[in-house]
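Content type compact mmCIF, C-alpha atoms and all ligand atoms, from the file coords.txt:
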# COMPACT_ATOMS: atom_id res chain seq x y z
CA MET A 1 -36.11 -29.76 -24.30
CA LYS A 2 -32.89 -30.38 -22.37
CA ILE A 3 -32.55 -28.71 -18.99
CA ALA A 4 -29.30 -27.97 -17.15
CA LEU A 5 -29.26 -27.84 -13.37
CA ALA A 6 -26.74 -26.74 -10.77
CA SER A 7 -26.67 -25.88 -7.11
CA ASP A 8 -24.25 -25.13 -4.34
CA HIS A 9 -24.44 -26.92 -0.97
CA GLY A 10 -27.27 -24.58 0.06
CA GLY A 11 -29.44 -25.78 -2.81
CA PHE A 12 -28.32 -29.38 -2.93
CA ASN A 13 -31.40 -30.97 -1.31
CA LEU A 14 -33.88 -29.06 -3.45
CA LYS A 15 -31.88 -29.90 -6.59
CA GLY A 16 -32.31 -33.57 -5.71
CA MET A 17 -36.10 -33.13 -5.45
CA ILE A 18 -36.20 -31.35 -8.80
CA LEU A 19 -34.09 -34.08 -10.42
CA ASP A 20 -36.62 -36.64 -9.15
CA TYR A 21 -39.46 -34.54 -10.60
CA LEU A 22 -37.75 -34.24 -14.01
CA GLU A 23 -37.08 -37.97 -14.02
CA HIS A 24 -40.73 -38.68 -13.17
CA GLU A 25 -41.87 -36.37 -15.97
CA SER A 26 -39.46 -38.04 -18.42
CA LEU A 27 -37.81 -34.69 -19.16
CA LEU A 28 -34.23 -34.57 -20.43
CA TYR A 29 -31.78 -32.96 -18.02
CA GLU A 30 -28.14 -32.74 -17.05
CA ASP A 31 -26.94 -32.25 -13.49
CA LEU A 32 -23.84 -30.04 -13.67
CA GLY A 33 -23.14 -30.22 -9.94
CA SER A 34 -22.44 -29.89 -7.16
CA TYR A 35 -22.61 -33.59 -6.43
CA ASP A 36 -22.45 -33.67 -2.63
CA ARG A 37 -23.06 -31.43 0.39
CA GLU A 38 -19.46 -30.16 0.61
CA LYS A 39 -19.30 -26.39 0.86
CA VAL A 40 -18.62 -24.89 -2.58
CA ASP A 41 -18.72 -21.44 -4.16
CA TYR A 42 -22.00 -20.92 -5.99
CA PRO A 43 -20.48 -19.12 -9.04
CA ASP A 44 -18.51 -22.23 -10.08
CA PHE A 45 -21.35 -24.62 -10.90
CA THR A 46 -23.84 -21.91 -11.78
CA LEU A 47 -21.62 -20.55 -14.55
CA LYS A 48 -21.65 -23.93 -16.31
CA VAL A 49 -25.45 -23.75 -16.57
CA ALA A 50 -25.45 -20.15 -17.76
CA GLU A 51 -22.79 -20.74 -20.40
CA GLY A 52 -24.48 -23.94 -21.58
CA VAL A 53 -27.84 -22.20 -21.99
CA ALA A 54 -26.22 -19.16 -23.66
CA ALA A 55 -24.45 -21.49 -26.12
CA GLY A 56 -27.73 -23.26 -26.97
CA GLU A 57 -26.58 -26.55 -25.48
CA TYR A 58 -29.60 -26.51 -23.15
CA GLU A 59 -32.96 -24.88 -23.73
CA LYS A 60 -33.41 -23.90 -20.11
CA GLY A 61 -31.56 -23.95 -16.81
CA ILE A 62 -32.43 -24.25 -13.14
CA VAL A 63 -30.00 -22.98 -10.50
CA ILE A 64 -30.40 -23.21 -6.75
CA CYS A 65 -28.63 -21.85 -3.70
CA SER A 66 -29.88 -21.02 -0.21
CA THR A 67 -31.60 -17.82 -1.27
CA GLY A 68 -31.48 -17.98 -5.07
CA LEU A 69 -29.82 -14.57 -5.01
CA GLY A 70 -26.19 -15.48 -5.67
CA VAL A 71 -26.98 -17.91 -8.49
CA SER A 72 -29.33 -15.45 -10.22
CA MET A 73 -26.68 -12.72 -10.03
CA VAL A 74 -24.08 -15.01 -11.60
CA CYS A 75 -26.39 -16.10 -14.44
CA ASN A 76 -27.38 -12.56 -15.32
CA LYS A 77 -23.73 -11.64 -15.92
CA VAL A 78 -23.68 -13.97 -18.93
CA PRO A 79 -24.82 -12.36 -22.21
CA GLY A 80 -28.06 -13.83 -23.51
CA ILE A 81 -29.15 -15.09 -20.12
CA ARG A 82 -32.34 -13.87 -18.52
CA ALA A 83 -32.44 -15.55 -15.12
CA ALA A 84 -35.55 -15.12 -12.99
CA LEU A 85 -35.48 -15.59 -9.23
CA CYS A 86 -38.96 -16.84 -8.37
CA ALA A 87 -40.62 -17.64 -5.07
CA ASP A 88 -44.17 -17.87 -6.46
CA CYS A 89 -45.95 -19.30 -9.50
CA PHE A 90 -47.25 -15.92 -10.67
CA SER A 91 -43.70 -14.61 -11.10
CA ALA A 92 -42.63 -17.83 -12.81
CA ARG A 93 -45.49 -17.51 -15.29
CA TYR A 94 -44.71 -13.88 -16.15
CA ALA A 95 -40.97 -14.58 -16.24
CA ARG A 96 -41.74 -16.84 -19.18
CA GLU A 97 -44.64 -14.98 -20.83
CA HIS A 98 -43.14 -11.49 -20.68
CA ASN A 99 -39.40 -11.90 -20.05
CA ASP A 100 -38.69 -15.16 -21.91
CA ALA A 101 -36.55 -16.13 -18.91
CA ASN A 102 -34.23 -18.98 -19.86
CA ILE A 103 -32.98 -19.78 -16.35
CA LEU A 104 -35.01 -20.23 -13.18
CA ALA A 105 -33.30 -19.43 -9.88
CA LEU A 106 -34.66 -20.84 -6.62
CA GLY A 107 -33.78 -20.46 -2.95
CA GLU A 108 -33.94 -23.70 -1.00
CA ARG A 109 -34.34 -21.85 2.28
CA VAL A 110 -37.04 -19.60 0.84
CA VAL A 111 -39.55 -21.94 -0.80
CA GLY A 112 -40.89 -25.29 0.38
CA THR A 113 -40.44 -28.31 -1.84
CA GLY A 114 -44.07 -28.45 -3.04
CA LEU A 115 -44.09 -24.80 -4.07
CA ALA A 116 -40.65 -25.12 -5.70
CA LEU A 117 -41.85 -28.02 -7.86
CA SER A 118 -44.96 -26.07 -8.89
CA ILE A 119 -42.75 -23.11 -9.84
CA VAL A 120 -40.55 -25.45 -11.90
CA GLU A 121 -43.60 -26.89 -13.66
CA VAL A 122 -44.95 -23.44 -14.56
CA PHE A 123 -41.50 -22.27 -15.69
CA LEU A 124 -40.92 -25.25 -17.95
CA HIS A 125 -44.35 -25.30 -19.57
CA THR A 126 -45.27 -21.63 -20.07
CA PRO A 127 -44.47 -20.21 -23.52
CA PHE A 128 -43.10 -16.72 -24.27
CA GLN A 129 -45.82 -14.39 -25.60
CA GLY A 130 -43.56 -12.44 -27.98
CA GLY A 131 -45.03 -9.29 -29.55
CA ARG A 132 -44.35 -6.13 -27.56
CA HIS A 133 -42.31 -8.17 -25.08
CA GLN A 134 -39.74 -9.06 -27.75
CA ARG A 135 -39.09 -5.35 -28.31
CA ARG A 136 -38.25 -5.01 -24.62
CA LEU A 137 -35.94 -8.03 -24.69
CA ASP A 138 -34.19 -6.50 -27.69
CA LYS A 139 -33.53 -3.45 -25.52
CA ILE A 140 -31.96 -5.70 -22.87
CA GLY A 141 -29.77 -7.14 -25.65
CA ALA A 142 -28.77 -3.61 -26.65
CA ILE A 143 -27.72 -2.89 -23.06
CA GLU A 144 -25.52 -6.00 -23.09
CA LYS A 145 -23.87 -4.79 -26.28
CA LYS A 146 -23.40 -1.28 -24.90
CA TYR A 147 -21.33 -2.71 -22.07
CA GLY A 148 -19.16 -4.68 -24.44
CA ASN A 149 -20.03 -8.33 -24.03
CA GLY A 150 -23.27 -8.81 -25.90
CA ILE A 151 -22.28 -11.10 -28.74
CA GLU A 152 -19.72 -13.36 -27.18
CA ILE A 153 -20.29 -17.03 -27.98
CA PHE A 154 -19.22 -19.44 -25.31
CA SER A 155 -17.62 -22.78 -25.93
CA ARG A 156 -16.88 -25.20 -23.14
C1 LIG B 201 -24.18 -20.22 1.02
O1 LIG B 201 -23.96 -20.10 2.36
C2 LIG B 201 -25.11 -19.12 0.54
O2 LIG B 201 -24.49 -17.89 0.65
C3 LIG B 201 -25.54 -19.40 -0.89
O3 LIG B 201 -26.21 -20.63 -0.92
C4 LIG B 201 -26.49 -18.40 -1.52
O4 LIG B 201 -27.65 -18.22 -0.76
C5 LIG B 201 -25.90 -17.13 -1.96
O5 LIG B 201 -26.55 -16.26 -2.50

Any chance you could give the structure as C-alpha cells?
Amino acid sequence: MKIALASDHGGFNLKGMILDYLEHESLLYEDLGSYDREKVDYPDFTLKVAEGVAAGEYEKGIVICSTGLGVSMVCNKVPGIRAALCADCFSARYAREHNDANILALGERVVGTGLALSIVEVFLHTPFQGGRHQRRLDKIGAIEKKYGNGIEIFSR
C-alpha cells in the first residue's frame, strides 16, 4: 500500500509526526508537500493527493490543515474520492468499514498528536465491509456522474 500525504502550513507539524509513524511502521508513502512552514493555499498540495489517489497511483491519502475542513472539501471535489474528516477513532473505523473512504483528513489544531496517530492507524488498517455499503457508494458514484464529472481519469 502506498500512501500520499499533503498539508498546508497549518498541518505541517502533524504531517511530520505522521511521516515518522509511517517510516517506523515501514509503510510506503510519498510526501507531496508542503515542505516548509511558509504560508500556502491548502487546495494546491491537497489536489495532488486527491488526483493521485483517484488515478490509482496511491491506495490511500492523508491530508492535513489546521481544521481538516478545507482539505476535505478539496478532496471531495475530485471524482472517485471519498475523503473523511475524522477527529476520533470511531469515525475513522466507520469511514473505512461503511464508506470505503480513500482519503483521511485531519485538523492539526483539532486533534492531539497521539489521537491523530491512532486515527491514522485505524484508517490504514480497517477494511471496507462491502455488501449493502457498496450499493450506497454506487449511488455516490451516480451523483458524481449526474453532475458531469464522474468518469474523468486524471493524469499528472
Ligand atoms: C490556514 O490558515 C487554514 O485556513 C487552513 O489550514 C485550514 O484550516 C482551512 O480549512

Inset, instruction - Just give me the gap between atom CA of Phe12 of chain A and atom O3 of ligand LIG 201 (chain B) in Å, one decimal is fine. - result: 9.2 Å

Legend entry - Using all atoms listed in the file: which of A:Ala87, A:Cys65, A:Leu137, A:Leu104 has the shortest distance to ligand LIG 201 (chain B): A:Cys65

Legend entry - Residue contacts of segment 14-17 of chain A (7 Å, all atoms listed in the file) excluding same-chain residues fewer than 5 positions away, as a ChimeraX atom specification: /A:7,64,108,113

Inset, instruction - Please provide the set of residues having any atom within 12 Å of segment 90-94 of chain A, restricted to all atoms listed in the file, with same-chain residues fewer than 3 positions apart removed, written as a ChimeraX atom specification. - result: /A:83-87,97-106,115-130,133

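All protein and nucleic acid residues in the vicinity of (-24.3, -11.7, -15.9), that is within 12 Å when counting all atoms listed in the file, are Pro43, Thr46, Leu47, Ala50, Glu51, Ala54, Gly70, Val71, Ser72, Met73, Val74, Cys75, Asn76, Lys77, Val78, Pro79, Gly80, Ile81, Arg82, Ala83, Ile103, Ile140, Ile143, Glu144, Tyr147, Asn149 and Gly150 of chain A.
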
Please, which residues in chain A fall within 7 Å of ligand LIG 201 (chain B) when counting only C-alpha atoms and all ligand atoms, and what is the closest atom pair and distance in Å to one decimal for each, ordered by chain then residue number, as a Markdown table?
| residue | atom | partner | partner_atom | distance |
| --- | --- | --- | --- | --- |
| A:Asp8 | CA | B:LIG201 | O3 | 6.0 |
| A:His9 | CA | B:LIG201 | O3 | 6.5 |
| A:Gly10 | CA | B:LIG201 | O3 | 4.2 |
| A:Gly11 | CA | B:LIG201 | O3 | 6.4 |
| A:Tyr42 | CA | B:LIG201 | C3 | 6.4 |
| A:Cys65 | CA | B:LIG201 | O3 | 3.9 |
| A:Ser66 | CA | B:LIG201 | O4 | 3.6 |
| A:Thr67 | CA | B:LIG201 | O4 | 4.0 |
| A:Gly68 | CA | B:LIG201 | O4 | 5.8 |
| A:Leu69 | CA | B:LIG201 | O5 | 4.5 |
| A:Gly70 | CA | B:LIG201 | O5 | 3.3 |
| A:Val71 | CA | B:LIG201 | O5 | 6.2 |
| A:Gly107 | CA | B:LIG201 | O4 | 6.9 |

Could you write out that same residue set with C-alpha atoms as a PDB file, in the frame of the given file?
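Output file again.pdb follows:
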ATOM      1  CA  ASP A   8     -24.250 -25.130  -4.340  1.00  0.00           C
ATOM      2  CA  HIS A   9     -24.440 -26.920  -0.970  1.00  0.00           C
ATOM      3  CA  GLY A  10     -27.270 -24.580   0.060  1.00  0.00           C
ATOM      4  CA  GLY A  11     -29.440 -25.780  -2.810  1.00  0.00           C
ATOM      5  CA  TYR A  42     -22.000 -20.920  -5.990  1.00  0.00           C
ATOM      6  CA  CYS A  65     -28.630 -21.850  -3.700  1.00  0.00           C
ATOM      7  CA  SER A  66     -29.880 -21.020  -0.210  1.00  0.00           C
ATOM      8  CA  THR A  67     -31.600 -17.820  -1.270  1.00  0.00           C
ATOM      9  CA  GLY A  68     -31.480 -17.980  -5.070  1.00  0.00           C
ATOM     10  CA  LEU A  69     -29.820 -14.570  -5.010  1.00  0.00           C
ATOM     11  CA  GLY A  70     -26.190 -15.480  -5.670  1.00  0.00           C
ATOM     12  CA  VAL A  71     -26.980 -17.910  -8.490  1.00  0.00           C
ATOM     13  CA  GLY A 107     -33.780 -20.460  -2.950  1.00  0.00           C
TER      14      GLY A 107
END

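From atom CA of Ala142 of chain A back to atom CA of Gly56 of chain A, the distance works out to 19.7 Å.
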
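Of the residues under consideration (A:Leu19, A:Glu59, A:Ala4, A:Leu27), A:Ala4 shows the shortest atom-to-atom contact distance to Phe45 of chain A when counting all atoms listed in the file.
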
Inset, instruction - Between atom CA of Arg132 of chain A and atom CA of Lys146 of chain A, measure the distance and give it in Å to one decimal. - result: 21.7 Å

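The nearest approach to Asp44 of chain A among the residues A:Val63, A:Asn13, A:Glu30, A:Arg96, with only C-alpha atoms taken into account, belongs to A:Val63.
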